[in-house]
$ cat model.cif   # mmCIF, C-alpha atoms and all ligand atoms
data_work
#
loop_
_atom_site.label_atom_id
_atom_site.label_comp_id
_atom_site.auth_asym_id
_atom_site.auth_seq_id
_atom_site.Cartn_x
_atom_site.Cartn_y
_atom_site.Cartn_z
CA MET A 10 16.62 17.90 68.11
CA ARG A 11 13.82 16.20 66.23
CA SER A 12 12.35 19.46 64.91
CA THR A 13 15.81 20.53 63.76
CA ALA A 14 16.18 17.27 61.84
CA ILE A 15 12.82 17.76 60.12
CA LEU A 16 13.74 21.31 59.24
CA ALA A 17 16.99 20.08 57.71
CA VAL A 18 15.11 17.57 55.55
CA VAL A 19 12.70 20.24 54.37
CA MET A 20 15.51 22.64 53.53
CA ALA A 21 17.45 19.93 51.72
CA ALA A 22 14.49 19.52 49.37
CA GLY A 23 15.20 22.99 48.03
CA PRO A 24 14.07 26.50 48.77
CA ALA A 25 11.13 26.27 46.34
CA TRP A 26 9.81 23.04 47.90
CA ALA A 27 6.59 24.54 49.21
CA GLU A 28 5.79 26.40 46.00
CA VAL A 29 5.41 23.52 43.54
CA PRO A 30 1.71 23.44 42.62
CA GLN A 31 -0.61 20.44 43.09
CA VAL A 32 -1.40 19.39 39.52
CA VAL A 33 -4.21 17.15 38.22
CA THR A 34 -4.35 15.81 34.65
CA ASP A 35 -7.06 13.97 32.73
CA PHE A 36 -5.33 10.97 31.12
CA GLY A 37 -2.14 9.33 29.86
CA PRO A 38 -0.93 11.55 27.01
CA VAL A 39 -1.37 14.77 29.01
CA GLN A 40 0.01 13.13 32.17
CA SER A 41 3.14 12.04 30.28
CA LEU A 42 3.78 15.57 28.97
CA VAL A 43 3.19 17.22 32.36
CA MET A 44 5.41 14.66 34.14
CA GLU A 45 8.29 15.53 31.83
CA VAL A 46 7.86 19.28 32.28
CA MET A 47 7.65 18.94 36.09
CA GLY A 48 10.59 16.54 36.21
CA ASP A 49 11.74 15.83 39.77
CA LEU A 50 9.79 18.77 41.21
CA GLY A 51 6.53 16.87 41.60
CA THR A 52 4.16 14.29 40.18
CA PRO A 53 0.73 15.21 38.83
CA THR A 54 -2.35 13.19 39.82
CA MET A 55 -4.06 11.52 36.84
CA LEU A 56 -7.85 11.03 36.90
CA LEU A 57 -8.35 8.38 34.21
CA GLN A 58 -6.69 5.13 35.26
CA GLY A 59 -5.50 2.40 32.92
CA GLY A 60 -8.05 0.44 30.97
CA ALA A 61 -10.69 3.17 31.06
CA ASP A 62 -12.14 4.83 27.97
CA PRO A 63 -11.86 8.65 28.15
CA HIS A 64 -15.12 9.06 26.25
CA ASP A 65 -17.03 7.22 29.01
CA PHE A 66 -15.15 8.67 32.01
CA GLN A 67 -17.11 9.14 35.24
CA LEU A 68 -15.50 10.80 38.26
CA ARG A 69 -15.17 8.76 41.46
CA PRO A 70 -15.36 10.42 44.92
CA SER A 71 -11.61 9.97 45.57
CA GLN A 72 -10.90 11.74 42.29
CA ALA A 73 -13.26 14.57 43.18
CA GLN A 74 -11.08 15.11 46.25
CA ALA A 75 -7.96 15.48 44.07
CA LEU A 76 -9.75 18.12 42.01
CA THR A 77 -10.78 20.15 45.06
CA GLU A 78 -7.16 20.15 46.30
CA ALA A 79 -5.63 21.06 42.94
CA ASP A 80 -3.85 24.32 42.15
CA LEU A 81 -3.73 23.49 38.45
CA VAL A 82 -5.68 21.19 36.14
CA PHE A 83 -4.44 20.28 32.65
CA TRP A 84 -6.90 18.42 30.45
CA VAL A 85 -7.79 18.09 26.78
CA GLY A 86 -11.30 19.47 27.22
CA PRO A 87 -15.01 18.65 27.47
CA GLU A 88 -15.17 17.37 23.87
CA LEU A 89 -13.02 14.38 24.88
CA MET A 90 -14.39 13.79 28.39
CA PRO A 91 -17.95 15.09 28.63
CA GLY A 92 -18.21 13.23 31.97
CA LEU A 93 -15.59 15.52 33.49
CA GLY A 94 -16.86 18.82 32.12
CA GLU A 95 -19.21 19.80 34.95
CA ALA A 96 -16.96 18.37 37.66
CA VAL A 97 -14.04 20.49 36.54
CA GLN A 98 -16.16 23.61 36.75
CA SER A 99 -17.76 22.83 40.12
CA LEU A 100 -14.96 21.06 42.03
CA ALA A 101 -11.77 22.72 40.87
CA GLY A 102 -13.02 26.09 41.98
CA GLY A 103 -9.72 27.23 43.41
CA ALA A 104 -7.59 25.88 40.59
CA GLN A 105 -6.54 27.26 37.23
CA VAL A 106 -8.06 24.91 34.65
CA VAL A 107 -6.25 24.73 31.30
CA SER A 108 -7.97 23.00 28.38
CA LEU A 109 -5.10 22.14 26.05
CA LEU A 110 -7.48 21.65 23.12
CA HIS A 111 -8.70 25.24 23.48
CA ASP A 112 -5.82 27.01 25.22
CA GLY A 113 -2.72 24.92 24.50
CA GLY A 114 -1.38 26.96 21.61
CA GLY A 115 -1.77 24.14 19.06
CA ILE A 116 -4.12 23.56 16.17
CA GLN A 117 -7.72 22.29 16.16
CA ARG A 118 -9.26 20.23 13.40
CA ALA A 119 -12.96 19.94 12.65
CA PHE A 120 -14.89 16.80 11.81
CA GLU A 121 -16.45 16.73 8.34
CA GLU A 122 -19.84 16.42 10.06
CA GLY A 123 -19.07 19.45 12.25
CA GLY A 124 -17.66 19.94 15.75
CA ILE A 125 -14.09 19.94 17.04
CA ASP A 126 -12.13 16.69 16.87
CA PRO A 127 -10.86 16.25 20.46
CA HIS A 128 -7.99 13.85 19.64
CA ALA A 129 -5.55 16.74 19.29
CA TRP A 130 -2.62 15.09 21.14
CA LEU A 131 -2.12 12.88 18.07
CA ASP A 132 -0.50 15.76 16.17
CA PRO A 133 3.09 15.93 17.48
CA ALA A 134 3.16 19.66 16.71
CA ASN A 135 0.39 20.02 19.29
CA GLY A 136 2.43 17.99 21.78
CA MET A 137 5.30 20.42 21.30
CA ALA A 138 3.02 23.46 21.66
CA TRP A 139 1.35 21.99 24.76
CA ALA A 140 4.74 21.36 26.41
CA GLY A 141 5.48 25.07 26.07
CA ARG A 142 2.08 26.09 27.43
CA ILE A 143 2.36 23.64 30.37
CA SER A 144 5.78 25.07 31.21
CA ALA A 145 4.54 28.67 31.07
CA VAL A 146 1.54 27.96 33.31
CA LEU A 147 3.66 26.06 35.86
CA ALA A 148 6.19 28.91 35.89
CA ALA A 149 3.45 31.46 36.57
CA HIS A 150 2.40 29.45 39.66
CA ASP A 151 5.97 28.68 40.72
CA PRO A 152 8.34 31.42 39.50
CA ALA A 153 11.25 30.09 41.57
CA ASN A 154 11.37 26.99 39.36
CA ALA A 155 10.57 28.71 36.05
CA ALA A 156 13.98 27.98 34.54
CA LEU A 157 13.68 24.26 35.35
CA TYR A 158 10.23 23.97 33.77
CA ALA A 159 11.48 25.81 30.68
CA ALA A 160 14.57 23.59 30.37
CA ASN A 161 12.48 20.41 30.76
CA ALA A 162 9.99 21.62 28.15
CA ALA A 163 12.76 22.56 25.73
CA ALA A 164 14.36 19.12 26.05
CA LEU A 165 10.98 17.47 25.47
CA GLN A 166 10.27 19.65 22.44
CA ALA A 167 13.67 18.89 20.93
CA ARG A 168 13.12 15.15 21.35
CA LEU A 169 9.64 15.39 19.80
CA ALA A 170 11.04 17.35 16.85
CA THR A 171 13.59 14.59 16.22
CA MET A 172 10.88 11.95 16.42
CA ASP A 173 8.67 13.97 14.08
CA GLY A 174 11.44 14.08 11.49
CA GLU A 175 11.96 10.34 11.71
CA LEU A 176 8.24 9.59 11.45
CA THR A 177 7.92 11.94 8.47
CA ALA A 178 10.63 9.99 6.65
CA GLN A 179 9.17 6.62 7.65
CA LEU A 180 5.62 7.50 6.59
CA ALA A 181 6.58 9.26 3.34
CA THR A 182 6.69 5.85 1.67
CA VAL A 183 3.02 5.08 2.47
CA GLN A 184 1.40 8.47 1.82
CA GLY A 185 -1.93 8.13 0.03
CA LEU A 186 -2.31 4.38 0.63
CA PRO A 187 -5.85 3.73 1.94
CA PHE A 188 -6.59 2.26 5.36
CA VAL A 189 -9.37 1.99 7.94
CA VAL A 190 -9.05 2.78 11.65
CA TYR A 191 -11.08 1.48 14.57
CA HIS A 192 -12.59 4.69 15.93
CA ASP A 193 -12.49 8.04 14.16
CA ALA A 194 -9.61 9.38 16.23
CA LEU A 195 -6.56 9.51 14.01
CA GLY A 196 -7.33 12.63 11.98
CA TYR A 197 -4.68 14.85 13.57
CA PHE A 198 -2.00 12.22 12.95
CA THR A 199 -3.05 11.49 9.38
CA ASP A 200 -3.41 15.20 8.51
CA HIS A 201 0.07 15.87 9.88
CA TYR A 202 1.73 13.05 7.93
CA GLY A 203 -0.41 13.14 4.78
CA LEU A 204 -1.95 9.70 5.30
CA ASN A 205 -5.17 8.42 3.75
CA VAL A 206 -7.79 7.14 6.23
CA VAL A 207 -10.84 6.12 4.20
CA GLY A 208 -13.09 5.20 7.12
CA SER A 209 -13.55 4.11 10.70
CA ILE A 210 -15.65 1.38 12.25
CA GLU A 211 -16.71 3.39 15.29
CA LEU A 212 -17.45 7.10 15.38
CA ALA A 213 -15.17 9.57 17.15
CA ASP A 214 -16.98 9.28 20.49
CA GLY A 215 -16.24 5.56 20.65
CA SER A 216 -19.89 4.50 20.52
CA ALA A 217 -20.57 1.05 19.09
CA PRO A 218 -21.52 0.97 15.40
CA SER A 219 -25.12 0.44 14.34
CA ALA A 220 -26.04 -2.36 11.94
CA ALA A 221 -26.54 0.27 9.22
CA ARG A 222 -23.07 1.67 9.81
CA LEU A 223 -21.51 -1.80 9.62
CA MET A 224 -23.16 -2.23 6.22
CA GLU A 225 -21.65 1.09 5.09
CA ILE A 226 -18.22 0.01 6.26
CA ARG A 227 -18.61 -3.31 4.51
CA ASP A 228 -19.38 -1.42 1.27
CA LEU A 229 -16.38 0.82 1.91
CA PHE A 230 -14.12 -2.22 2.18
CA THR A 231 -15.25 -3.23 -1.31
CA ALA A 232 -15.27 0.22 -2.92
CA ALA A 233 -12.27 2.01 -1.39
CA ARG A 234 -10.10 -1.13 -1.24
CA PRO A 235 -8.24 -0.26 1.95
CA LEU A 236 -4.97 -2.16 2.27
CA CYS A 237 -5.14 -2.36 6.05
CA VAL A 238 -7.49 -2.05 9.00
CA PHE A 239 -6.12 -1.25 12.45
CA PRO A 240 -7.65 -2.59 15.67
CA GLU A 241 -7.41 -0.64 18.93
CA THR A 242 -6.02 -1.86 22.22
CA GLY A 243 -8.74 -2.87 24.63
CA ARG A 244 -11.55 -2.58 22.09
CA ASP A 245 -13.53 -5.53 20.81
CA PRO A 246 -11.91 -6.84 17.59
CA LYS A 247 -15.02 -8.76 16.48
CA PHE A 248 -16.14 -6.14 13.96
CA ILE A 249 -12.72 -6.08 12.34
CA ALA A 250 -12.66 -9.84 11.99
CA ALA A 251 -16.17 -9.89 10.52
CA LEU A 252 -15.61 -7.03 8.09
CA SER A 253 -12.26 -8.18 6.77
CA GLU A 254 -13.29 -11.82 6.35
CA GLY A 255 -13.17 -12.84 2.71
CA THR A 256 -11.35 -9.64 1.67
CA THR A 257 -7.67 -8.94 1.03
CA VAL A 258 -7.57 -6.29 3.77
CA ARG A 259 -4.66 -6.89 6.15
CA ILE A 260 -5.18 -6.48 9.90
CA GLY A 261 -2.44 -4.22 11.26
CA ALA A 262 -0.99 -3.70 14.72
CA ALA A 263 -3.40 -2.61 17.44
CA GLN A 264 -3.18 1.11 18.19
CA ASP A 265 -3.25 2.39 21.78
CA LEU A 266 -3.78 6.07 21.07
CA GLU A 267 -5.83 6.74 24.23
CA PHE A 268 -3.45 4.96 26.63
CA ILE A 269 -5.86 2.12 27.41
CA GLU A 270 -2.97 -0.18 28.38
CA ARG A 271 0.08 2.08 28.09
CA ALA A 272 1.24 3.44 31.46
CA ALA A 273 1.78 7.21 31.52
CA GLY A 274 5.30 8.47 32.11
CA PRO A 275 8.28 10.27 30.65
CA GLY A 276 8.85 9.20 27.05
CA GLN A 277 5.46 7.51 26.74
CA TYR A 278 3.81 10.23 24.66
CA ASP A 279 6.35 9.88 21.86
CA ALA A 280 6.55 6.09 22.30
CA MET A 281 2.81 5.97 21.55
CA LEU A 282 3.19 8.08 18.38
CA ARG A 283 6.17 6.02 17.20
CA GLU A 284 4.25 2.79 17.72
CA ILE A 285 1.28 4.06 15.68
CA GLY A 286 3.58 5.28 12.89
CA SER A 287 5.58 2.06 12.76
CA GLY A 288 2.43 -0.06 12.75
CA ILE A 289 0.92 1.91 9.87
CA ALA A 290 4.14 1.82 7.83
CA ALA A 291 4.67 -1.91 8.41
CA CYS A 292 1.15 -2.91 7.39
CA LEU A 293 0.83 -0.59 4.37
CA GLN A 294 4.23 -1.62 3.02
CA GLY A 295 2.91 -5.19 3.12
ZN ZN B 301 -11.41 8.77 21.04
#
$ encode --input "model.cif" --output "C-alpha cells"
Amino acid sequence: MRSTAILAVVMAAGPAWAEVPQVVTDFGPVQSLVMEVMGDLGTPTMLLQGGADPHDFQLRPSQAQALTEADLVFWVGPELMPGLGEAVQSLAGGAQVVSLLHDGGGIQRAFEEGGIDPHAWLDPANGMAWAGRISAVLAAHDPANAALYAANAAALQARLATMDGELTAQLATVQGLPFVVYHDALGYFTDHYGLNVVGSIELADGSAPSAARLMEIRDLFTAARPLCVFPETGRDPKFIAALSEGTTVRIGAAQDLEFIERAAGPGQYDAMLREIGSGIAACLQG
C-alpha cells in the first residue's frame, strides 16, 4: 500500500516531473529571471548569497557540490565573477554552462579603457533577450515542459517591456543631467536611457579607489558639476561623504544593482531596475 501511495504522489506531480533539470545560477539578477521562467516546475540553486560582492566571489565546498550535480548553469560570465571561472569549467563537467553575457542573445558594451563591461543585466533589453535564451535552453533539456517555459518567458518579457516604456518616460526628463555613480557599473542602464554619468568613485571591478583616483574624482566634482552622486547598498559611503562635502552635489538613493541586500525572486529583477530609475529621476529633478 505504501509504495502505491508514493507512486500516486509522484504521478500527481506531473508526467514531466523527473525531467526538470537541476539548475545553478550565479547571483540575484540571473536567479530572478530563471525563477520566473521555471515557474512552479523547479527552483534553481544560487551560488552567491546575500551580502556578497560578485567581483570577490569565492566558491565554498557546499557550492562546489551543487555545481557537480547541475544539469544546467546560467551565469553572467568570468568577467563579472573571475573567482567562479575555473570552478565552472572543472566542476560542472556534466552540465551545459550558459554565459548570458556571451551567449544570451543581448548586447555587450565595452569600457572606454578596453574590455567587456560585465554589468549587462542592467540593460532591460538584455533581460528580455536572456529570458528568451533561458527558456530555449530549458526547453531543450526538458521538451515536455517547453510550452510552459515559453509562456513564462513571454509573460516576463511583456512585463519588462511595459516597465521599460515607463522608465523611458520617467527618465526622459533628466536626460543629459550629469551625475556620479559609486562603482563603474551603470553603463548599460545609462546607455539604454540616454543618461549622463560623468564618473565613478570605484572602478568597474569594485576595487577601492587609490588616493590619486580620489583626487581625480574631487577635481571632477568641481569641473563637471554633477548634480547628484549615488551610493551603493552595502558599500562604504565614506568616500561619498568626503567628496561631496562643501559642494552642492546631492546624495541620491543608494543603488542595489548587484543584489547585495535584495533577495532574488520573481519580480525582483524589474523591481531593481525601477528602483534605480526612480532614484536617479528623483535626485536629478531636485
Ligand atoms: Zn560590479
$ residues_near_ligand --input "model.cif" --ligand "ligand ZN 301 (chain B)" --cutoff "10 Å" --atoms "only C-alpha atoms and all ligand atoms" --output "count of residues only"
23
$ residues_around --input "model.cif" --residues "range 49-60 of chain A" --least-positions-apart "2" --cutoff "8 Å" --atoms "all atoms listed in the file" --output "number ranges by chain"
A: 26, 29, 31-37, 40, 43-44, 47, 62-63, 66, 68, 72, 75, 243, 268-272
$ atom_distance --input "model.cif" --atom1 "CA of Ala220 in chain A" --atom2 "CA of Pro235 in chain A"
20.5 Å
$ atom_distance --input "model.cif" --atom1 "CA of Pro30 in chain A" --atom2 "CA of Leu282 in chain A"
28.7 Å
$ atom_distance --input "model.cif" --atom1 "CA of Tyr278 in chain A" --atom2 "CA of Arg118 in chain A"
19.9 Å
